[in-house]
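Novice: So here's run01.txt (compact mmCIF, C-alpha atoms).
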# COMPACT_ATOMS: atom_id res chain seq x y z
CA MET A 293 183.36 64.57 154.20
CA THR A 294 182.54 61.59 151.97
CA VAL A 295 182.69 58.05 153.26
CA THR A 296 182.33 54.96 151.10
CA ILE A 297 181.74 51.41 152.21
CA ILE A 298 183.18 48.94 149.72
CA LYS A 299 180.44 46.68 148.42
CA TYR A 300 181.40 43.13 147.61
CA ASN A 301 180.01 39.65 148.23
CA ALA A 302 180.16 39.92 152.01
CA GLY A 303 177.23 39.88 154.41
CA ASN A 304 176.06 42.52 156.82
CA ILE A 305 177.57 45.66 155.36
CA TYR A 306 174.38 47.56 156.15
CA SER A 307 175.10 47.60 159.88
CA VAL A 308 178.19 49.74 159.20
CA GLU A 309 176.08 52.17 157.20
CA TYR A 310 173.49 52.31 159.99
CA ALA A 311 176.17 52.89 162.64
CA LEU A 312 177.63 55.80 160.66
CA LYS A 313 174.16 57.24 160.17
CA ARG A 314 173.71 57.26 163.96
CA LEU A 315 176.87 59.43 164.06
CA GLY A 316 175.35 61.76 161.48
CA VAL A 317 177.58 60.48 158.66
CA GLU A 318 175.91 59.50 155.38
CA ALA A 319 178.05 56.77 153.81
CA LEU A 320 177.75 55.37 150.32
CA ILE A 321 177.79 51.60 149.78
CA THR A 322 179.41 51.07 146.43
CA SER A 323 181.76 48.98 144.30
CA ASP A 324 182.26 51.86 141.85
CA LYS A 325 185.99 52.47 141.64
CA GLU A 326 185.85 56.19 140.83
CA THR A 327 183.54 56.86 143.76
CA ILE A 328 185.73 54.89 146.16
CA LEU A 329 188.92 56.61 144.95
CA ALA A 330 187.36 60.06 145.32
CA SER A 331 186.06 59.60 148.87
CA ASP A 332 187.72 60.96 152.02
CA LYS A 333 187.39 57.75 154.01
CA VAL A 334 186.94 54.16 152.94
CA ILE A 335 185.52 51.32 155.01
CA PHE A 336 186.24 47.74 154.01
CA PRO A 337 183.82 45.61 156.01
CA GLY A 338 183.23 41.92 155.87
CA VAL A 339 181.70 38.81 157.20
CA GLY A 340 182.40 35.74 155.10
CA GLU A 341 185.07 33.32 153.96
CA ALA A 342 188.56 34.53 152.99
CA GLY A 343 189.26 32.30 149.97
CA THR A 344 185.99 32.97 148.12
CA THR A 345 186.04 36.65 148.98
CA MET A 346 189.59 37.09 147.61
CA GLN A 347 188.53 35.39 144.36
CA HIS A 348 185.65 37.86 144.11
CA LEU A 349 187.92 40.85 144.81
CA LYS A 350 190.38 39.69 142.14
CA ALA A 351 187.64 39.04 139.59
CA THR A 352 186.29 42.57 140.04
CA GLY A 353 189.69 44.29 140.24
CA LEU A 354 188.83 45.64 143.69
CA ASP A 355 192.00 43.98 145.02
CA ARG A 356 194.29 46.37 143.13
CA LEU A 357 192.09 49.35 143.92
CA ILE A 358 192.23 48.73 147.66
CA VAL A 359 196.02 48.40 147.93
CA ASP A 360 196.49 51.68 146.06
CA LEU A 361 194.17 53.73 148.28
CA LYS A 362 195.83 56.78 149.87
CA GLN A 363 193.01 58.01 152.13
CA PRO A 364 192.34 56.47 155.59
CA VAL A 365 190.95 52.95 155.15
CA LEU A 366 189.26 50.94 157.91
CA GLY A 367 189.09 47.16 157.50
CA ILE A 368 186.63 45.39 159.76
CA CYS A 369 186.74 41.70 160.75
CA LEU A 370 187.23 39.74 157.49
CA GLY A 371 188.21 43.11 155.98
CA MET A 372 191.14 43.20 158.42
CA GLN A 373 192.18 39.65 157.62
CA LEU A 374 192.07 40.28 153.87
CA LEU A 375 194.48 43.20 154.28
CA CYS A 376 197.08 40.70 155.55
CA ARG A 377 199.50 38.65 153.42
CA ALA A 378 197.68 35.34 153.59
CA SER A 379 195.04 33.44 155.54
CA GLU A 380 194.84 29.83 156.65
CA GLU A 381 191.14 30.10 155.78
CA GLY A 382 190.86 28.57 152.31
CA ASN A 383 194.70 28.94 152.02
CA ALA A 384 194.05 32.37 150.56
CA ASN A 385 196.68 34.79 149.33
CA CYS A 386 195.39 38.17 150.45
CA LEU A 387 196.14 41.85 149.82
CA ASN A 388 199.51 41.93 151.62
CA ILE A 389 199.29 45.43 153.10
CA PHE A 390 200.30 43.85 156.39
CA ASP A 391 203.03 41.23 156.08
CA VAL A 392 201.38 38.80 158.52
CA GLU A 393 199.63 35.47 158.17
CA VAL A 394 196.09 35.00 159.53
CA LYS A 395 195.85 31.85 161.70
CA ARG A 396 193.00 29.65 162.86
CA PHE A 397 192.33 29.51 166.60
CA ILE A 398 193.35 26.18 168.08
CA PRO A 399 191.53 25.38 171.35
CA HIS A 400 193.70 24.53 174.36
CA LYS A 401 190.82 23.21 176.47
CA HIS A 402 187.14 22.38 176.01
CA GLU A 403 185.99 25.82 177.17
CA ASP A 404 187.85 27.41 174.25
CA LYS A 405 184.92 27.47 171.87
CA ILE A 406 185.29 28.55 168.26
CA PRO A 407 184.24 30.99 166.89
CA HIS A 408 185.40 33.52 169.47
CA MET A 409 181.98 35.09 169.80
CA GLY A 410 180.87 37.85 172.12
CA TRP A 411 182.20 40.78 174.10
CA ASN A 412 185.86 40.85 175.08
CA ASN A 413 188.32 43.43 176.47
CA ILE A 414 190.81 45.38 174.39
CA TRP A 415 193.93 47.16 175.65
CA LYS A 416 197.50 48.29 174.83
CA PHE A 417 196.14 51.08 172.62
CA GLN A 418 198.67 52.69 170.30
CA SER A 419 196.54 54.76 167.98
CA ALA A 420 194.28 57.79 167.77
CA LEU A 421 191.59 55.28 166.82
CA PHE A 422 191.19 54.60 170.55
CA THR A 423 191.09 58.18 171.85
CA GLY A 424 188.61 58.48 174.69
CA LEU A 425 188.49 54.76 175.46
CA THR A 426 189.38 53.10 178.74
CA LEU A 427 191.82 50.18 178.85
CA GLY A 428 189.78 47.00 179.08
CA ASP A 429 186.71 48.37 177.34
CA TYR A 430 184.53 45.66 175.82
CA VAL A 431 183.93 45.29 172.09
CA TYR A 432 182.07 42.66 170.06
CA PHE A 433 184.00 39.90 168.28
CA VAL A 434 182.88 37.09 165.96
CA HIS A 435 185.73 35.20 164.29
CA SER A 436 187.45 31.82 164.01
CA TYR A 437 190.71 33.15 162.53
CA TYR A 438 192.99 35.76 164.08
CA VAL A 439 195.89 38.06 163.27
CA PRO A 440 198.85 37.25 165.57
CA LEU A 441 200.57 40.06 167.47
CA ASN A 442 203.00 41.84 165.14
CA ASP A 443 204.81 45.14 164.55
CA TYR A 444 201.57 46.75 163.33
CA THR A 445 199.43 45.79 166.35
CA ILE A 446 197.72 48.89 167.82
CA ALA A 447 195.38 47.12 170.27
CA GLU A 448 195.39 43.66 171.82
CA ALA A 449 192.76 41.21 172.97
CA ASP A 450 193.10 37.81 174.60
CA TYR A 451 191.23 34.66 173.64
CA ILE A 452 193.15 31.39 173.95
CA LEU A 453 196.21 33.60 173.35
CA PRO A 454 196.91 37.35 173.00
CA PHE A 455 196.18 38.47 169.42
CA SER A 456 195.77 41.67 167.39
CA ALA A 457 192.44 43.38 168.09
CA ALA A 458 193.54 46.13 165.70
CA ILE A 459 196.44 46.86 163.36
CA GLN A 460 197.66 49.93 161.49
CA LYS A 461 200.17 50.71 158.76
CA ASN A 462 200.28 54.17 157.19
CA ASN A 463 196.71 54.99 156.05
CA PHE A 464 195.44 51.44 156.62
CA TYR A 465 193.59 50.78 159.90
CA ALA A 466 191.83 47.54 160.75
CA THR A 467 189.89 46.03 163.63
CA GLN A 468 189.13 42.37 164.24
CA PHE A 469 186.06 43.31 166.29
CA HIS A 470 182.92 44.98 164.97
CA PRO A 471 182.87 48.66 166.03
CA GLU A 472 179.45 48.98 164.37
CA LYS A 473 178.08 46.40 166.84
CA SER A 474 180.01 47.44 169.93
CA GLY A 475 177.62 49.94 171.50
CA LYS A 476 179.00 53.30 172.67
CA VAL A 477 182.63 52.13 172.65
CA GLY A 478 182.32 51.11 169.00
CA GLU A 479 180.63 54.38 168.10
CA ARG A 480 183.57 56.27 169.61
CA ILE A 481 186.04 54.22 167.53
CA LEU A 482 184.09 54.93 164.33
CA GLN A 483 183.91 58.62 165.25
CA ASN A 484 187.68 58.62 165.83
CA PHE A 485 188.21 57.08 162.39
CA ILE A 486 185.98 59.70 160.80
CA ASN A 487 187.96 62.39 162.65
CA LEU A 488 191.36 61.17 161.36
CA MET B 1394 188.19 37.80 179.24
CA LEU B 1395 185.24 36.78 177.11
CA ALA B 1396 182.13 38.01 178.94
CA LYS B 1397 179.08 35.88 179.68
CA ARG B 1398 176.21 37.37 177.70
CA ILE B 1399 172.81 38.55 178.95
CA ILE B 1400 170.20 38.41 176.19
CA PRO B 1401 166.66 39.78 176.51
CA CYS B 1402 164.27 38.01 174.15
CA LEU B 1403 161.34 39.79 172.54
CA ASP B 1404 158.49 37.72 171.11
CA ILE B 1405 156.84 39.67 168.31
CA LYS B 1406 153.30 39.29 167.09
CA ASN B 1407 152.00 41.72 164.44
CA GLY B 1408 154.87 44.08 165.21
CA LYS B 1409 154.34 44.16 168.98
CA THR B 1410 156.11 42.48 171.89
CA VAL B 1411 154.43 39.64 173.71
CA LYS B 1412 155.62 37.12 176.24
CA GLY B 1413 154.34 33.59 176.63
CA VAL B 1414 153.95 31.88 179.95
CA ASN B 1415 154.62 28.19 179.29
CA PHE B 1416 154.19 28.98 175.59
CA ILE B 1417 150.54 30.14 175.92
CA ASN B 1418 148.61 33.16 177.36
CA PHE B 1419 150.29 36.25 175.96
CA ARG B 1420 150.63 39.54 177.80
CA ASP B 1421 151.58 42.78 176.07
CA ALA B 1422 155.03 44.14 176.89
CA GLY B 1423 155.49 47.18 174.67
CA ASP B 1424 157.07 48.52 171.48
CA PRO B 1425 159.87 46.23 170.23
CA VAL B 1426 162.30 48.92 169.03
CA GLU B 1427 161.82 51.12 172.09
CA LEU B 1428 162.23 48.12 174.37
CA GLY B 1429 165.37 47.04 172.47
CA CYS B 1430 166.84 50.53 172.90
CA VAL B 1431 166.19 50.50 176.62
CA TYR B 1432 167.89 47.10 176.96
CA SER B 1433 170.84 48.20 174.85
CA GLU B 1434 171.27 51.33 177.02
CA GLN B 1435 171.03 49.18 180.16
CA GLY B 1436 173.85 46.94 178.97
CA ALA B 1437 172.17 43.98 177.26
CA ASP B 1438 174.84 42.16 175.26
CA GLU B 1439 172.60 41.01 172.44
CA LEU B 1440 168.91 40.92 171.61
CA VAL B 1441 166.73 38.19 170.17
CA TYR B 1442 163.57 39.03 168.21
CA LEU B 1443 161.28 36.08 167.59
CA ASP B 1444 158.49 36.46 165.07
CA ILE B 1445 155.57 34.37 166.27
CA THR B 1446 153.19 35.61 163.56
CA ALA B 1447 152.59 32.90 161.02
CA SER B 1448 150.92 34.96 158.28
CA HIS B 1449 152.57 36.42 155.21
CA GLU B 1450 151.46 39.94 156.20
CA GLY B 1451 152.95 39.48 159.66
CA ARG B 1452 156.24 38.44 158.13
CA LYS B 1453 156.43 41.63 156.08
CA THR B 1454 155.73 43.68 159.20
CA PHE B 1455 158.51 41.78 160.96
CA THR B 1456 161.03 42.47 158.18
CA GLU B 1457 160.24 46.18 158.47
CA LEU B 1458 160.72 45.92 162.21
CA VAL B 1459 164.14 44.26 161.69
CA LYS B 1460 165.18 47.23 159.55
CA ARG B 1461 164.14 49.67 162.28
CA VAL B 1462 166.00 47.68 164.93
CA ALA B 1463 169.18 47.57 162.81
CA ALA B 1464 169.01 51.31 162.19
CA THR B 1465 168.51 52.14 165.85
CA ILE B 1466 170.44 49.66 167.98
CA SER B 1467 174.24 49.31 168.16
CA ILE B 1468 174.51 45.81 169.61
CA PRO B 1469 174.14 42.47 167.78
CA PHE B 1470 170.72 40.93 167.37
CA THR B 1471 169.33 37.59 166.27
CA VAL B 1472 166.01 37.08 164.56
CA GLY B 1473 163.95 33.92 164.42
CA GLY B 1474 160.55 32.60 163.48
CA GLY B 1475 159.17 32.07 160.01
CA ILE B 1476 162.51 30.97 158.56
CA TYR B 1477 161.94 28.00 156.25
CA GLU B 1478 164.45 28.46 153.46
CA LEU B 1479 167.57 30.34 152.43
CA GLN B 1480 165.46 33.12 150.92
CA ASP B 1481 164.06 33.96 154.38
CA VAL B 1482 167.59 34.12 155.78
CA ASP B 1483 168.64 36.40 152.96
CA ARG B 1484 165.66 38.71 153.54
CA LEU B 1485 166.38 39.06 157.27
CA LEU B 1486 170.16 39.49 156.95
CA ASN B 1487 169.61 42.12 154.26
CA ALA B 1488 167.23 43.89 156.61
CA GLY B 1489 170.18 44.17 159.02
CA ALA B 1490 169.96 41.17 161.35
CA ASP B 1491 173.29 39.77 162.54
CA LYS B 1492 172.20 36.18 163.05
CA VAL B 1493 169.19 34.03 162.31
CA SER B 1494 167.73 31.42 164.57
CA VAL B 1495 166.19 28.31 163.00
CA ASN B 1496 164.13 25.82 164.96
CA SER B 1497 161.36 23.68 163.44
CA ALA B 1498 162.62 24.19 159.89
CA ALA B 1499 166.04 22.79 160.86
CA ILE B 1500 164.49 19.68 162.41
CA LYS B 1501 162.31 19.12 159.35
CA ASN B 1502 165.13 19.88 156.92
CA PRO B 1503 168.54 19.60 158.67
CA HIS B 1504 170.28 20.45 155.39
CA LEU B 1505 169.11 24.06 155.89
CA ILE B 1506 171.81 24.46 158.57
CA GLU B 1507 174.53 23.54 156.06
CA GLU B 1508 173.06 25.90 153.48
CA ILE B 1509 173.04 28.83 155.91
CA ALA B 1510 176.56 28.06 157.12
CA MET B 1511 177.89 27.72 153.59
CA HIS B 1512 176.32 30.93 152.31
CA TYR B 1513 176.74 33.22 155.30
CA GLY B 1514 179.16 31.48 157.68
CA THR B 1515 178.48 29.42 160.79
CA GLN B 1516 178.47 32.52 163.03
CA VAL B 1517 175.16 33.57 161.46
CA CYS B 1518 173.36 30.30 162.20
CA VAL B 1519 171.79 29.85 165.62
CA VAL B 1520 169.96 26.55 165.99
CA ALA B 1521 167.17 26.87 168.54
CA VAL B 1522 165.80 23.79 170.24
CA ASP B 1523 162.68 23.48 172.40
CA ALA B 1524 162.85 20.35 174.49
CA ASN B 1525 160.87 18.82 177.31
CA ILE B 1526 161.99 16.16 179.77
CA GLU B 1527 159.92 12.98 179.43
CA ASN B 1528 160.75 9.76 181.30
CA GLY B 1529 164.28 11.02 181.89
CA GLN B 1530 164.80 11.83 178.17
CA TRP B 1531 164.93 15.30 176.59
CA ARG B 1532 162.53 15.23 173.65
CA CYS B 1533 162.70 17.99 170.99
CA TYR B 1534 159.49 19.71 169.90
CA LEU B 1535 158.33 21.53 166.78
CA ASN B 1536 156.20 24.65 166.29
CA GLY B 1537 156.92 26.48 169.53
CA GLY B 1538 156.55 23.41 171.68
CA ARG B 1539 153.35 22.05 170.19
CA ILE B 1540 154.44 18.97 168.24
CA PRO B 1541 156.72 16.27 169.70
CA THR B 1542 159.44 14.75 167.49
CA ASP B 1543 161.57 11.64 167.82
CA LYS B 1544 164.71 13.79 168.14
CA GLU B 1545 166.63 13.68 171.39
CA LEU B 1546 168.26 16.91 172.61
CA PHE B 1547 171.90 15.81 172.87
CA ALA B 1548 171.96 13.84 169.63
CA TRP B 1549 170.17 16.58 167.67
CA THR B 1550 172.31 19.46 168.93
CA LYS B 1551 175.49 17.50 168.14
CA GLU B 1552 174.16 16.86 164.65
CA ALA B 1553 173.33 20.56 164.30
CA GLU B 1554 176.87 21.47 165.35
CA ASN B 1555 178.36 19.04 162.83
CA ARG B 1556 176.16 20.51 160.11
CA GLY B 1557 177.41 24.04 160.81
CA ALA B 1558 175.40 25.61 163.63
CA GLY B 1559 177.30 28.52 165.18
CA GLU B 1560 175.42 28.49 168.49
CA ILE B 1561 172.75 26.41 170.20
CA LEU B 1562 169.82 28.17 171.86
CA PHE B 1563 168.25 25.62 174.18
CA THR B 1564 164.85 26.34 175.71
CA SER B 1565 163.71 23.92 178.37
CA MET B 1566 159.93 23.72 178.04
CA THR B 1567 159.95 22.06 181.45
CA HIS B 1568 161.45 25.21 183.00
CA ASP B 1569 160.07 27.95 180.73
CA GLY B 1570 157.71 30.40 182.42
CA VAL B 1571 158.01 28.67 185.79
CA LYS B 1572 160.69 31.08 187.08
CA ALA B 1573 162.37 28.43 189.22
CA GLY B 1574 165.76 28.49 187.47
CA TYR B 1575 167.29 27.21 184.23
CA ALA B 1576 167.76 23.53 183.28
CA ASN B 1577 171.32 23.63 184.63
CA GLU B 1578 172.07 19.92 184.61
CA ALA B 1579 171.08 19.47 180.96
CA LEU B 1580 172.83 22.74 180.04
CA ALA B 1581 176.11 21.62 181.61
CA MET B 1582 175.89 18.34 179.70
CA LEU B 1583 175.16 20.24 176.48
CA SER B 1584 178.12 22.53 177.06
CA ASP B 1585 180.41 19.54 177.68
CA ASN B 1586 179.04 17.78 174.63
CA LEU B 1587 179.40 20.69 172.18
CA ASN B 1588 182.24 22.87 170.95
CA ILE B 1589 180.03 25.86 170.09
CA PRO B 1590 178.47 28.40 172.48
CA VAL B 1591 175.27 27.45 174.31
CA ILE B 1592 172.57 30.01 175.06
CA ALA B 1593 170.33 29.00 177.96
CA SER B 1594 166.64 29.85 177.84
CA GLY B 1595 163.65 29.17 180.06
CA GLY B 1596 163.32 29.49 183.80
CA ALA B 1597 164.87 32.81 184.90
CA GLY B 1598 163.04 34.21 187.93
CA CYS B 1599 165.70 35.94 190.04
CA MET B 1600 169.35 37.03 189.85
CA GLU B 1601 170.63 33.82 191.50
CA HIS B 1602 169.26 31.85 188.56
CA PHE B 1603 171.63 33.71 186.23
CA LEU B 1604 174.58 33.01 188.54
CA ASP B 1605 173.63 29.31 188.58
CA VAL B 1606 173.21 29.04 184.81
CA PHE B 1607 176.76 30.34 184.29
CA ALA B 1608 178.46 28.68 187.29
CA ILE B 1609 176.59 25.33 187.25
CA GLY B 1610 174.96 25.24 183.81
CA LYS B 1611 178.23 26.34 182.09
CA ALA B 1612 176.17 28.44 179.66
CA ASP B 1613 177.90 31.03 177.47
CA ALA B 1614 174.84 33.26 177.44
CA ALA B 1615 171.53 33.48 179.28
CA LEU B 1616 168.31 34.53 177.61
CA ALA B 1617 165.23 35.75 179.43
CA ALA B 1618 162.08 37.69 178.65
CA SER B 1619 159.46 38.45 181.26
CA VAL B 1620 161.83 39.18 184.16
CA PHE B 1621 163.25 41.98 182.01
CA HIS B 1622 160.03 43.11 180.31
CA PHE B 1623 158.19 43.58 183.58
CA GLY B 1624 161.17 45.13 185.37
CA GLU B 1625 161.54 42.34 187.89
CA ILE B 1626 165.26 42.26 187.16
CA ARG B 1627 167.21 45.26 185.90
CA ILE B 1628 170.23 44.44 183.72
CA PRO B 1629 172.73 46.87 185.37
CA GLU B 1630 171.95 45.41 188.80
CA LEU B 1631 172.10 41.88 187.44
CA LYS B 1632 175.52 42.52 185.93
CA ARG B 1633 176.83 44.11 189.11
CA TYR B 1634 175.59 41.11 191.09
CA LEU B 1635 177.19 38.61 188.66
CA SER B 1636 180.44 40.56 188.65
CA GLU B 1637 180.56 40.51 192.48
CA LYS B 1638 180.04 36.74 192.33
CA GLY B 1639 183.07 36.39 190.04
CA ILE B 1640 181.31 35.98 186.69
CA ALA B 1641 182.94 37.90 183.82
CA VAL B 1642 180.31 40.30 182.45
CA ARG B 1643 180.47 43.49 180.43
CA GLU B 1644 179.54 46.35 182.74
CA THR B 1645 178.69 49.59 180.96
Here is a file; write its structure as structure tokens.

Specialist:
Amino acid sequence: MTVTIIKYNAGNIYSVEYALKRLGVEALITSDKETILASDKVIFPGVGEAGTTMQHLKATGLDRLIVDLKQPVLGICLGMQLLCRASEEGNANCLNIFDVEVKRFIPHKHEDKIPHMGWNNIWKFQSALFTGLTLGDYVYFVHSYYVPLNDYTIAEADYILPFSAAIQKNNFYATQFHPEKSGKVGERILQNFINL
Amino acid sequence: MLAKRIIPCLDIKNGKTVKGVNFINFRDAGDPVELGCVYSEQGADELVYLDITASHEGRKTFTELVKRVAATISIPFTVGGGIYELQDVDRLLNAGADKVSVNSAAIKNPHLIEEIAMHYGTQVCVVAVDANIENGQWRCYLNGGRIPTDKELFAWTKEAENRGAGEILFTSMTHDGVKAGYANEALAMLSDNLNIPVIASGGAGCMEHFLDVFAIGKADAALAASVFHFGEIRIPELKRYLSEKGIAVRET
């Protein structure tokens, strides 16, 4: 089993590597196209800004590589948003695996602080990614933009409004939350992805 | 529902945990990574590691510690202390920290907040403020509460938010170490005044104080040190208590 973590100009990709190591999986952080193409599983992490990150992906040709991947791919946080058609963040055109537009949270009342930061419940699981979890389990979120509910939604969360906690289409899986920072629940999700 | 967060704080000197009582007189409270693991297992929602060593050597030790924490612990953690410029932020994020907390450096050079937010996103930038109530005014302090400034708490935190702070960590020097409860009145005003999460710090002595800081102080997260380090409050019991009182918490 080989797992690669796509290296690009995004912060905090090491925590994914560490989380996999705790599961006994040695992942490779790389931007080398051959290595990524040849691996069994690909993780597309990300903390950062959509517009600038898309520019970087285009400049390096990683954009075309990602959309052509055939093995299971897991996008995390910004990685999930970049797999969508477009994002309101920096008016970015993204990778268009998922034909959905990423929106910015609009607060309804003062208590609706942005970013949505901290532990929140997920439910309405529709994927093997969530095997072994309990409805309402808590995972860790940090984001100001969200993927609306759509045909690809495989788990929901609620902050200001119900939104996609995770989406899936064919071999592409993605979570808005950070499984690598979500304690035992997150470890189970990563293990489930590795087991796919 | 978004859970209220419980955050144990570990003060680190030369790679070991210490806890100040009113910012002086340190007592030893154990190995930082081991302690972090215990808290994570018990259901802590995040951890804060504050480097209170000033020396260059101490800072290297701390960076190594951050790497060990990141490798071991599966919940988010913030690191602070000794952050003066973007290079320090880069070093700590590359070591595996999720967020950085800036305090004195942000007061001395407010532009640092914008730089951090621009390079790494606002979610990475926690602005910590130590303030003391003086003649009815909350005055901000530098250097762990040693040097008074002319900054006022509400004005400064609003400025920090506008510059790109992702969270405010407010320590009331008036309440810190006294164990008589958090600065709930000021915290509620902060929370009303800001659109970013507020982490309350200083004053936790018993479980009721946590209930009050969420219900009255409107805090998004509560930070404490000694009550956890010395086992006076256990996190699973605290969370059960808060849950029974109707506060949304993550029970594990």

Novice: Just to confirm, what's the straight-line distance from CA of Met293 in chain A to CA of Ile459 in chain A in Å (one decimal)?

Specialist: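 Taking CA of Met293 in chain A and CA of Ile459 in chain A, their separation equals 23.8 Å.
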
Novice: Record the distance separating CA of Phe336 in chain A and CA of Tyr451 in chain A, expressed in Å with one decimal.

Specialist: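 These atoms are spaced 24.1 Å apart.
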
Novice: So which residues touch range 416-428 of chain A within 12 Å, counting all atoms listed in the file, skipping near sequence neighbours fewer than 6 positions away, as a count of residues only?

Specialist: 46

Novice: For CA of Phe1563 in chain B and CA of Val1591 in chain B, determine how far apart the two atoms are, in Å to one decimal place.

Specialist: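 Those two atoms sit 7.3 Å apart.
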
Novice: Within 9 Å of Val1441 in chain B, counting all atoms listed in the file, which residues qualify if same-chain residues fewer than 2 places away don't, as a PyMOL selection string?

Specialist: chain B and resi 1400-1404+1439+1443+1469-1473+1494+1616

Novice: Using all atoms listed in the file and a cut-off of 9 Å, which residues of chain B sit close to chain A? Please list them as a PyMOL selection string.

Specialist: chain B and resi 1394-1398+1433-1434+1436+1438-1439+1463-1469+1486-1491+1512-1516+1559+1584-1585+1587-1590+1642-1645

Novice: Write out as a count of residues only the residues lying within 9 Å of Thr296 in chain A, counting all atoms listed in the file and excluding same-chain residues fewer than 2 positions away.

Specialist: 16

Novice: Near Lys1611 in chain B, within 8 Å and counting only C-alpha atoms, which residues show up once chain neighbours fewer than 4 positions away are dropped, as a list in words?

Specialist: Asn1577, Leu1580, Ala1581, Ser1584, Val1606 and Phe1607 of chain B

Novice: Which residues, written as a CSV table (one decimal) with C-alpha atoms, in the coordinates of the input, have at least one atom at most 10 Å from Met346 in chain A, with only C-alpha atoms counted and residues fewer than 5 positions away on the same chain left out?

Specialist:
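What follows is the written file out22.csv:
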chain,number,residue,atom,x,y,z
A,301,ASN,CA,180.0,39.6,148.2
A,341,GLU,CA,185.1,33.3,154.0
A,351,ALA,CA,187.6,39.0,139.6
A,352,THR,CA,186.3,42.6,140.0
A,354,LEU,CA,188.8,45.6,143.7
A,355,ASP,CA,192.0,44.0,145.0
A,374,LEU,CA,192.1,40.3,153.9
A,382,GLY,CA,190.9,28.6,152.3
A,384,ALA,CA,194.0,32.4,150.6
A,385,ASN,CA,196.7,34.8,149.3
A,386,CYS,CA,195.4,38.2,150.4
A,387,LEU,CA,196.1,41.8,149.8

Novice: Between B:Tyr1442, B:Tyr1534, B:Phe1603, B:Phe1455, which is the closest to Lys1492 in chain B once you count only C-alpha atoms?

Specialist: B:Tyr1442

Novice: Rank B:Lys1572, B:Arg1539, B:Arg1461, B:Arg1452 by their smallest atom-to-atom distance to His1602 in chain B, using all atoms listed in the file, and report the top residue only.

Specialist: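 Nearest to His1602 in chain B: B:Lys1572.
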